[in-house]
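Trainee: Below is one structure. I have some questions about it.
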Amino acid sequence: MKHLKFITILLFFVVLAGSTFAGDKEDVGAIINKAWDAFNSKDYQTFFTYSADDFEMFTGVSTPLLHIGKPHMMEYVNSFSSLPLVTYNQQQNTIRIYNGNTAVVNGYFVFTVVGKDGNVTNQSGRNSTTLVKQNGKWLIVNIHFSPMF
Amino acid sequence: MKYFKLIIILLFVAILTGNSFAGDKEDVQALANKTAEAFNQHNFTTYWSYFTDDNTEFPYVVSPLRHDAAMWKNFIEGTANLAYVNYHEQDYEVQIYNGDAAVVTGYYTFTWMEKGGMMNFQSGRASFFAVKQKGKWLIAHMHFSKMF
């Protein structure tokens, strides 16, 4: 009986510790999900809090050239606000952590835009996202989107 | 004259120090250049020495799917069957984070000739992520995509 109590308490702490101190992979996965949830809700101010000031991006629409700096990305993202519906869904993510402070996430996405005229366009492609831990917080520093071919 | 000598010695030391301890950006730039050079020369042993064991890639030829290290090895070493390959990248942007991670973006041209003499050309965007492991910069991920 004494052993059973001890094991139960031990198990309780193990479960608690696991929940409280989620690993870096889980943290990064959560950041990716929260960022795109914010984007899909058109809560762009929240979306921007997940990226670093020196953010860079290759998009799959608009221009093939590199977006340099967060203001450039913000201008691009804000341009979606006037559209009736814009959704981004990413799946089959692989997450790798290096040195405890950098993460590389790869996945496949579907990007859907409903224009003001009601036309729906879908784009599917590949995504590479790099995140860096700065002052204890994971921030997106680079995204490369490219269409499937 | 005494000051002149001192200035010369100081300048010499400054130049020597600069060469011996190139910054991370220069090291990562050198990694990009050496990787392309090894690929163009079909020097695969050297090429693989620039990658982490768990590297992944999104290529822009053959298949759009994510390649793991084994798939990338098959793809790269398959280019040995080509008569000629040339990968050239330019307009690099190198960002260093925490002194042990780097993101590199640029634009590339890729030219290859099949054994029958058929020439192919592709241009696009490239980004790669490198990480410093045991003091050495290694590529962990590459992503290539077309211009549009």
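Quick note on naming: the chains in the structure tokens go A, B, ... in the order shown, residues restart at 1 in each chain, and ligands are numbered from 1 in order of appearance.
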Write out as a list in words each polymer residue whose atoms come within 10 Å of Tyr84 in chain B, counting only C-alpha atoms; drop sequence neighbours fewer than 5 positions from it.
Mentor: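 Listed by chain and then number, they are Asn40, Gln41, His42, Thr79, Thr111, Trp112, Met113, Glu114, Lys115, Gly117 and Met119 of chain B.
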Trainee: Using only C-alpha atoms, which protein or nucleic acid residues come within 6 Å of Tyr47 in chain B? Drop anything in the same chain fewer than 2 positions from it, and give the result as a list in words.
Mentor: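 Non-adjacent residues within range: Thr35, Ala38, Phe44, Thr45, Ser49 and Tyr50 of chain B.
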Trainee: Take the selection from the previous step and output its residues with C-alpha atoms, as a CSV table (one decimal), in the first residue's frame.
Mentor:
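Heads up, here's the output in selection.csv:
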```
chain,number,residue,atom,x,y,z
B,35,THR,CA,28.9,23.3,-51.5
B,38,ALA,CA,31.7,20.4,-54.9
B,44,PHE,CA,30.2,14.0,-53.6
B,45,THR,CA,32.3,13.0,-50.7
B,49,SER,CA,30.7,16.7,-45.6
B,50,TYR,CA,28.8,20.1,-45.6
```
Trainee: What's the 12 Å shell around Asn142 in chain A, counting only C-alpha atoms, without same-chain residues fewer than 2 positions away, as a PDB file with N, CA and C atoms, in the first residue's frame?
Mentor:
```pdb
ATOM      1  N   TYR A  50       4.486  36.983 -33.829  1.00  0.00           N
ATOM      2  CA  TYR A  50       5.231  35.726 -33.905  1.00  0.00           C
ATOM      3  C   TYR A  50       6.452  35.809 -34.823  1.00  0.00           C
ATOM      4  N   SER A  51       6.698  36.984 -35.412  1.00  0.00           N
ATOM      5  CA  SER A  51       7.851  37.081 -36.308  1.00  0.00           C
ATOM      6  C   SER A  51       8.878  38.086 -35.795  1.00  0.00           C
ATOM      7  N   ALA A  52      10.133  37.854 -36.162  1.00  0.00           N
ATOM      8  CA  ALA A  52      11.241  38.711 -35.727  1.00  0.00           C
ATOM      9  C   ALA A  52      11.299  39.969 -36.594  1.00  0.00           C
ATOM     10  N   ASP A  53      11.996  40.985 -36.107  1.00  0.00           N
ATOM     11  CA  ASP A  53      12.087  42.252 -36.846  1.00  0.00           C
ATOM     12  C   ASP A  53      12.812  42.097 -38.177  1.00  0.00           C
ATOM     13  N   ASP A  54      13.773  41.164 -38.222  1.00  0.00           N
ATOM     14  CA  ASP A  54      14.540  41.001 -39.470  1.00  0.00           C
ATOM     15  C   ASP A  54      13.995  39.832 -40.310  1.00  0.00           C
ATOM     16  N   PHE A  55      12.718  39.604 -40.182  1.00  0.00           N
ATOM     17  CA  PHE A  55      12.014  38.543 -40.910  1.00  0.00           C
ATOM     18  C   PHE A  55      12.234  38.665 -42.425  1.00  0.00           C
ATOM     19  N   GLU A  56      12.401  37.521 -43.085  1.00  0.00           N
ATOM     20  CA  GLU A  56      12.511  37.492 -44.555  1.00  0.00           C
ATOM     21  C   GLU A  56      11.623  36.382 -45.099  1.00  0.00           C
ATOM     22  N   MET A  57      11.147  36.582 -46.353  1.00  0.00           N
ATOM     23  CA  MET A  57      10.178  35.608 -46.881  1.00  0.00           C
ATOM     24  C   MET A  57      10.194  35.562 -48.413  1.00  0.00           C
ATOM     25  N   PHE A  58      10.137  34.340 -48.943  1.00  0.00           N
ATOM     26  CA  PHE A  58       9.853  34.124 -50.358  1.00  0.00           C
ATOM     27  C   PHE A  58       8.405  33.656 -50.426  1.00  0.00           C
ATOM     28  N   THR A  59       7.530  34.406 -51.075  1.00  0.00           N
ATOM     29  CA  THR A  59       6.133  33.982 -51.159  1.00  0.00           C
ATOM     30  C   THR A  59       5.896  33.186 -52.446  1.00  0.00           C
ATOM     31  N   LEU A  66      12.481  38.361 -52.833  1.00  0.00           N
ATOM     32  CA  LEU A  66      12.564  38.226 -51.379  1.00  0.00           C
ATOM     33  C   LEU A  66      11.948  39.442 -50.675  1.00  0.00           C
ATOM     34  N   HIS A  67      11.062  39.162 -49.723  1.00  0.00           N
ATOM     35  CA  HIS A  67      10.538  40.224 -48.863  1.00  0.00           C
ATOM     36  C   HIS A  67      11.552  40.402 -47.734  1.00  0.00           C
ATOM     37  N   ILE A  68      12.127  41.575 -47.640  1.00  0.00           N
ATOM     38  CA  ILE A  68      13.159  41.805 -46.628  1.00  0.00           C
ATOM     39  C   ILE A  68      12.614  42.708 -45.530  1.00  0.00           C
ATOM     40  N   GLY A  69      12.646  42.215 -44.305  1.00  0.00           N
ATOM     41  CA  GLY A  69      12.223  43.014 -43.152  1.00  0.00           C
ATOM     42  C   GLY A  69      10.753  42.828 -42.821  1.00  0.00           C
ATOM     43  N   LYS A  70      10.450  42.982 -41.533  1.00  0.00           N
ATOM     44  CA  LYS A  70       9.083  42.783 -41.056  1.00  0.00           C
ATOM     45  C   LYS A  70       8.075  43.780 -41.663  1.00  0.00           C
ATOM     46  N   MET A  73       6.790  42.525 -44.933  1.00  0.00           N
ATOM     47  CA  MET A  73       5.864  41.399 -44.753  1.00  0.00           C
ATOM     48  C   MET A  73       4.511  41.897 -44.245  1.00  0.00           C
ATOM     49  N   THR A 102      17.121  26.995 -32.176  1.00  0.00           N
ATOM     50  CA  THR A 102      16.715  27.199 -33.567  1.00  0.00           C
ATOM     51  C   THR A 102      15.853  26.022 -34.010  1.00  0.00           C
ATOM     52  N   ALA A 103      14.852  26.309 -34.807  1.00  0.00           N
ATOM     53  CA  ALA A 103      13.962  25.245 -35.276  1.00  0.00           C
ATOM     54  C   ALA A 103      13.712  25.377 -36.774  1.00  0.00           C
ATOM     55  N   VAL A 104      13.643  24.234 -37.434  1.00  0.00           N
ATOM     56  CA  VAL A 104      13.290  24.204 -38.855  1.00  0.00           C
ATOM     57  C   VAL A 104      12.009  23.391 -38.983  1.00  0.00           C
ATOM     58  N   VAL A 105      11.005  23.989 -39.597  1.00  0.00           N
ATOM     59  CA  VAL A 105       9.715  23.325 -39.788  1.00  0.00           C
ATOM     60  C   VAL A 105       9.449  23.216 -41.286  1.00  0.00           C
ATOM     61  N   ASN A 106       9.132  22.017 -41.734  1.00  0.00           N
ATOM     62  CA  ASN A 106       8.780  21.807 -43.148  1.00  0.00           C
ATOM     63  C   ASN A 106       7.391  21.201 -43.227  1.00  0.00           C
ATOM     64  N   ASN A 127       6.305  24.464 -47.639  1.00  0.00           N
ATOM     65  CA  ASN A 127       6.689  25.549 -46.739  1.00  0.00           C
ATOM     66  C   ASN A 127       7.893  25.137 -45.901  1.00  0.00           C
ATOM     67  N   SER A 128       8.870  26.039 -45.841  1.00  0.00           N
ATOM     68  CA  SER A 128       9.993  25.889 -44.905  1.00  0.00           C
ATOM     69  C   SER A 128       9.987  27.106 -44.001  1.00  0.00           C
ATOM     70  N   THR A 129       9.918  26.881 -42.720  1.00  0.00           N
ATOM     71  CA  THR A 129       9.911  27.982 -41.753  1.00  0.00           C
ATOM     72  C   THR A 129      11.063  27.809 -40.774  1.00  0.00           C
ATOM     73  N   THR A 130      11.775  28.885 -40.544  1.00  0.00           N
ATOM     74  CA  THR A 130      12.858  28.855 -39.554  1.00  0.00           C
ATOM     75  C   THR A 130      12.477  29.739 -38.373  1.00  0.00           C
ATOM     76  N   LEU A 131      12.629  29.203 -37.181  1.00  0.00           N
ATOM     77  CA  LEU A 131      12.349  29.970 -35.960  1.00  0.00           C
ATOM     78  C   LEU A 131      13.602  30.020 -35.091  1.00  0.00           C
ATOM     79  N   VAL A 132      13.717  31.115 -34.363  1.00  0.00           N
ATOM     80  CA  VAL A 132      14.858  31.300 -33.469  1.00  0.00           C
ATOM     81  C   VAL A 132      14.340  31.717 -32.102  1.00  0.00           C
ATOM     82  N   LEU A 139      10.538  32.941 -32.304  1.00  0.00           N
ATOM     83  CA  LEU A 139      10.078  33.895 -33.322  1.00  0.00           C
ATOM     84  C   LEU A 139      10.422  33.369 -34.711  1.00  0.00           C
ATOM     85  N   ILE A 140       9.527  33.619 -35.649  1.00  0.00           N
ATOM     86  CA  ILE A 140       9.764  33.196 -37.036  1.00  0.00           C
ATOM     87  C   ILE A 140      10.698  34.210 -37.696  1.00  0.00           C
ATOM     88  N   HIS A 144       9.832  30.262 -46.525  1.00  0.00           N
ATOM     89  CA  HIS A 144       9.932  30.059 -47.972  1.00  0.00           C
ATOM     90  C   HIS A 144       8.709  29.244 -48.406  1.00  0.00           C
ATOM     91  N   PHE A 145       7.837  29.876 -49.192  1.00  0.00           N
ATOM     92  CA  PHE A 145       6.672  29.183 -49.769  1.00  0.00           C
ATOM     93  C   PHE A 145       6.995  28.887 -51.231  1.00  0.00           C
TER      94      PHE A 145
ATOM     95  N   GLU B  93      21.754  36.721 -49.110  1.00  0.00           N
ATOM     96  CA  GLU B  93      21.460  37.426 -47.854  1.00  0.00           C
ATOM     97  C   GLU B  93      21.772  36.413 -46.762  1.00  0.00           C
ATOM     98  N   VAL B  94      22.684  36.748 -45.882  1.00  0.00           N
ATOM     99  CA  VAL B  94      23.058  35.819 -44.813  1.00  0.00           C
ATOM    100  C   VAL B  94      22.677  36.436 -43.471  1.00  0.00           C
ATOM    101  N   GLN B  95      21.897  35.694 -42.690  1.00  0.00           N
ATOM    102  CA  GLN B  95      21.528  36.153 -41.345  1.00  0.00           C
ATOM    103  C   GLN B  95      22.028  35.133 -40.328  1.00  0.00           C
ATOM    104  N   ILE B  96      22.661  35.625 -39.293  1.00  0.00           N
ATOM    105  CA  ILE B  96      23.193  34.751 -38.237  1.00  0.00           C
ATOM    106  C   ILE B  96      22.368  34.952 -36.975  1.00  0.00           C
ATOM    107  N   TYR B  97      22.019  33.849 -36.320  1.00  0.00           N
ATOM    108  CA  TYR B  97      21.246  33.916 -35.080  1.00  0.00           C
ATOM    109  C   TYR B  97      21.961  33.146 -33.969  1.00  0.00           C
ATOM    110  N   ALA B 102      22.160  29.878 -39.066  1.00  0.00           N
ATOM    111  CA  ALA B 102      22.205  30.843 -40.167  1.00  0.00           C
ATOM    112  C   ALA B 102      21.107  30.544 -41.179  1.00  0.00           C
ATOM    113  N   VAL B 103      20.533  31.605 -41.723  1.00  0.00           N
ATOM    114  CA  VAL B 103      19.569  31.479 -42.808  1.00  0.00           C
ATOM    115  C   VAL B 103      20.156  32.220 -44.011  1.00  0.00           C
ATOM    116  N   VAL B 104      20.207  31.537 -45.135  1.00  0.00           N
ATOM    117  CA  VAL B 104      20.788  32.116 -46.347  1.00  0.00           C
ATOM    118  C   VAL B 104      19.750  32.094 -47.451  1.00  0.00           C
ATOM    119  N   THR B 105      19.537  33.227 -48.098  1.00  0.00           N
ATOM    120  CA  THR B 105      18.615  33.276 -49.237  1.00  0.00           C
ATOM    121  C   THR B 105      19.358  33.817 -50.455  1.00  0.00           C
ATOM    122  N   SER B 127      16.764  28.971 -50.554  1.00  0.00           N
ATOM    123  CA  SER B 127      17.096  29.345 -49.184  1.00  0.00           C
ATOM    124  C   SER B 127      17.655  28.106 -48.507  1.00  0.00           C
ATOM    125  N   PHE B 128      18.617  28.321 -47.634  1.00  0.00           N
ATOM    126  CA  PHE B 128      19.057  27.184 -46.847  1.00  0.00           C
ATOM    127  C   PHE B 128      19.295  27.598 -45.409  1.00  0.00           C
ATOM    128  N   PHE B 129      19.187  26.618 -44.554  1.00  0.00           N
ATOM    129  CA  PHE B 129      19.380  26.826 -43.136  1.00  0.00           C
ATOM    130  C   PHE B 129      20.610  26.035 -42.712  1.00  0.00           C
ATOM    131  N   HIS B 143      15.734  24.734 -49.682  1.00  0.00           N
ATOM    132  CA  HIS B 143      14.436  24.856 -50.365  1.00  0.00           C
ATOM    133  C   HIS B 143      14.675  25.624 -51.667  1.00  0.00           C
TER     134      HIS B 143
END
```
Trainee: Hey, which bits of chain A sit within 6 Å of chain B, and for each residue what's the closest pair of atoms and how far apart in Å (one decimal), counting only C-alpha atoms, rows by chain and increasing number, as a tab-separated table?
Mentor:
```
residue	atom	partner	partner_atom	distance
A:Pro64	CA	B:Met147	CA	5.5
A:Ser146	CA	B:Ser145	CA	5.7
A:Met148	CA	B:Pro64	CA	5.8
```
Trainee: Can I get the selected residues back with N, CA and C atoms, as a PDB file, in the first residue's frame?
Mentor:
```pdb
ATOM      1  N   PRO A  64       8.046  37.056 -56.971  1.00  0.00           N
ATOM      2  CA  PRO A  64       8.986  35.978 -56.622  1.00  0.00           C
ATOM      3  C   PRO A  64      10.162  36.485 -55.791  1.00  0.00           C
ATOM      4  N   SER A 146       6.596  27.715 -51.694  1.00  0.00           N
ATOM      5  CA  SER A 146       6.709  27.460 -53.130  1.00  0.00           C
ATOM      6  C   SER A 146       5.595  26.521 -53.573  1.00  0.00           C
ATOM      7  N   MET A 148       3.474  23.542 -55.494  1.00  0.00           N
ATOM      8  CA  MET A 148       3.747  22.180 -55.940  1.00  0.00           C
ATOM      9  C   MET A 148       3.954  22.268 -57.455  1.00  0.00           C
TER      10      MET A 148
END
```
Trainee: Within range 26-120 of chain A, find each residue whose DSSP state, derived from the backbone, is strand (DSSP E), and express the selection as an MDAnalysis selection string.
Mentor: chainID A and resid 51:58 67:68 85:98 102:114 120
Trainee: What is the CA of Tyr44 in chain A-CA of Gly115 in chain A distance in Å, reported with one decimal?
Mentor: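 It comes out at 18.5 Å.
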Trainee: Tell me, which residues of chain A carry DSSP alpha helix (DSSP H), written as an NGL selection string?
Mentor: :A and (2-20 or 24-40 or 44-48 or 70-78)
Trainee: Next, write the just-selected residues to a file, as a tab-separated table (two decimals), in the first residue's frame, keeping C-alpha atoms as the atom set.
Mentor:
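For reference, selection_33.tsv as written:
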```tsv
chain	number	residue	atom	x	y	z
A	2	LYS	CA	2.88	2.33	0.94
A	3	HIS	CA	4.56	1.56	-2.39
A	4	LEU	CA	1.35	2.18	-4.30
A	5	LYS	CA	1.02	5.65	-2.77
A	6	PHE	CA	4.64	6.43	-3.58
A	7	ILE	CA	4.24	5.29	-7.20
A	8	THR	CA	1.03	7.29	-7.56
A	9	ILE	CA	2.71	10.47	-6.28
A	10	LEU	CA	5.70	9.84	-8.54
A	11	LEU	CA	3.44	9.32	-11.56
A	12	PHE	CA	1.56	12.51	-10.71
A	13	PHE	CA	4.80	14.52	-10.73
A	14	VAL	CA	5.96	12.94	-13.97
A	15	VAL	CA	2.68	13.84	-15.70
A	16	LEU	CA	2.74	17.36	-14.20
A	17	ALA	CA	6.33	17.96	-15.24
A	18	GLY	CA	5.57	16.76	-18.76
A	19	SER	CA	2.63	19.13	-19.07
A	20	THR	CA	4.33	22.13	-17.51
A	24	ASP	CA	10.84	22.78	-27.74
A	25	LYS	CA	9.19	20.77	-30.52
A	26	GLU	CA	5.79	21.19	-28.90
A	27	ASP	CA	6.43	24.89	-28.30
A	28	VAL	CA	7.39	25.42	-31.92
A	29	GLY	CA	4.40	23.42	-33.16
A	30	ALA	CA	2.14	25.56	-30.99
A	31	ILE	CA	3.67	28.80	-32.34
A	32	ILE	CA	3.10	27.67	-35.92
A	33	ASN	CA	-0.52	26.78	-35.17
A	34	LYS	CA	-1.23	29.98	-33.23
A	35	ALA	CA	0.37	32.18	-35.90
A	36	TRP	CA	-1.74	30.70	-38.70
A	37	ASP	CA	-4.88	30.66	-36.56
A	38	ALA	CA	-4.37	34.40	-36.06
A	39	PHE	CA	-3.81	34.86	-39.79
A	40	ASN	CA	-6.99	32.94	-40.65
A	44	TYR	CA	-2.88	40.29	-38.18
A	45	GLN	CA	-1.58	42.22	-35.15
A	46	THR	CA	-1.30	38.90	-33.28
A	47	PHE	CA	0.14	37.19	-36.35
A	48	PHE	CA	2.94	39.80	-36.50
A	70	LYS	CA	9.08	42.78	-41.06
A	71	PRO	CA	7.47	46.02	-42.39
A	72	HIS	CA	7.58	44.59	-45.93
A	73	MET	CA	5.86	41.40	-44.75
A	74	MET	CA	3.29	43.39	-42.74
A	75	GLU	CA	2.37	45.44	-45.79
A	76	TYR	CA	1.94	42.25	-47.81
A	77	VAL	CA	-0.20	40.51	-45.14
A	78	ASN	CA	-2.32	43.61	-44.48
```
Trainee: CA of Leu31 in chain B and CA of Asp53 in chain B are how many Å apart?
Mentor: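 We find that CA of Leu31 in chain B and CA of Asp53 in chain B lie 16.2 Å from each other.
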Trainee: Kindly indicate which residue among A:Gly125, A:Gly118, A:Gly100, A:Gly107 lies nearest to Pro147 in chain A, using only C-alpha atoms for the distances.
Mentor: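 Once distances to Pro147 in chain A are computed over only C-alpha atoms, the minimum belongs to A:Gly125.
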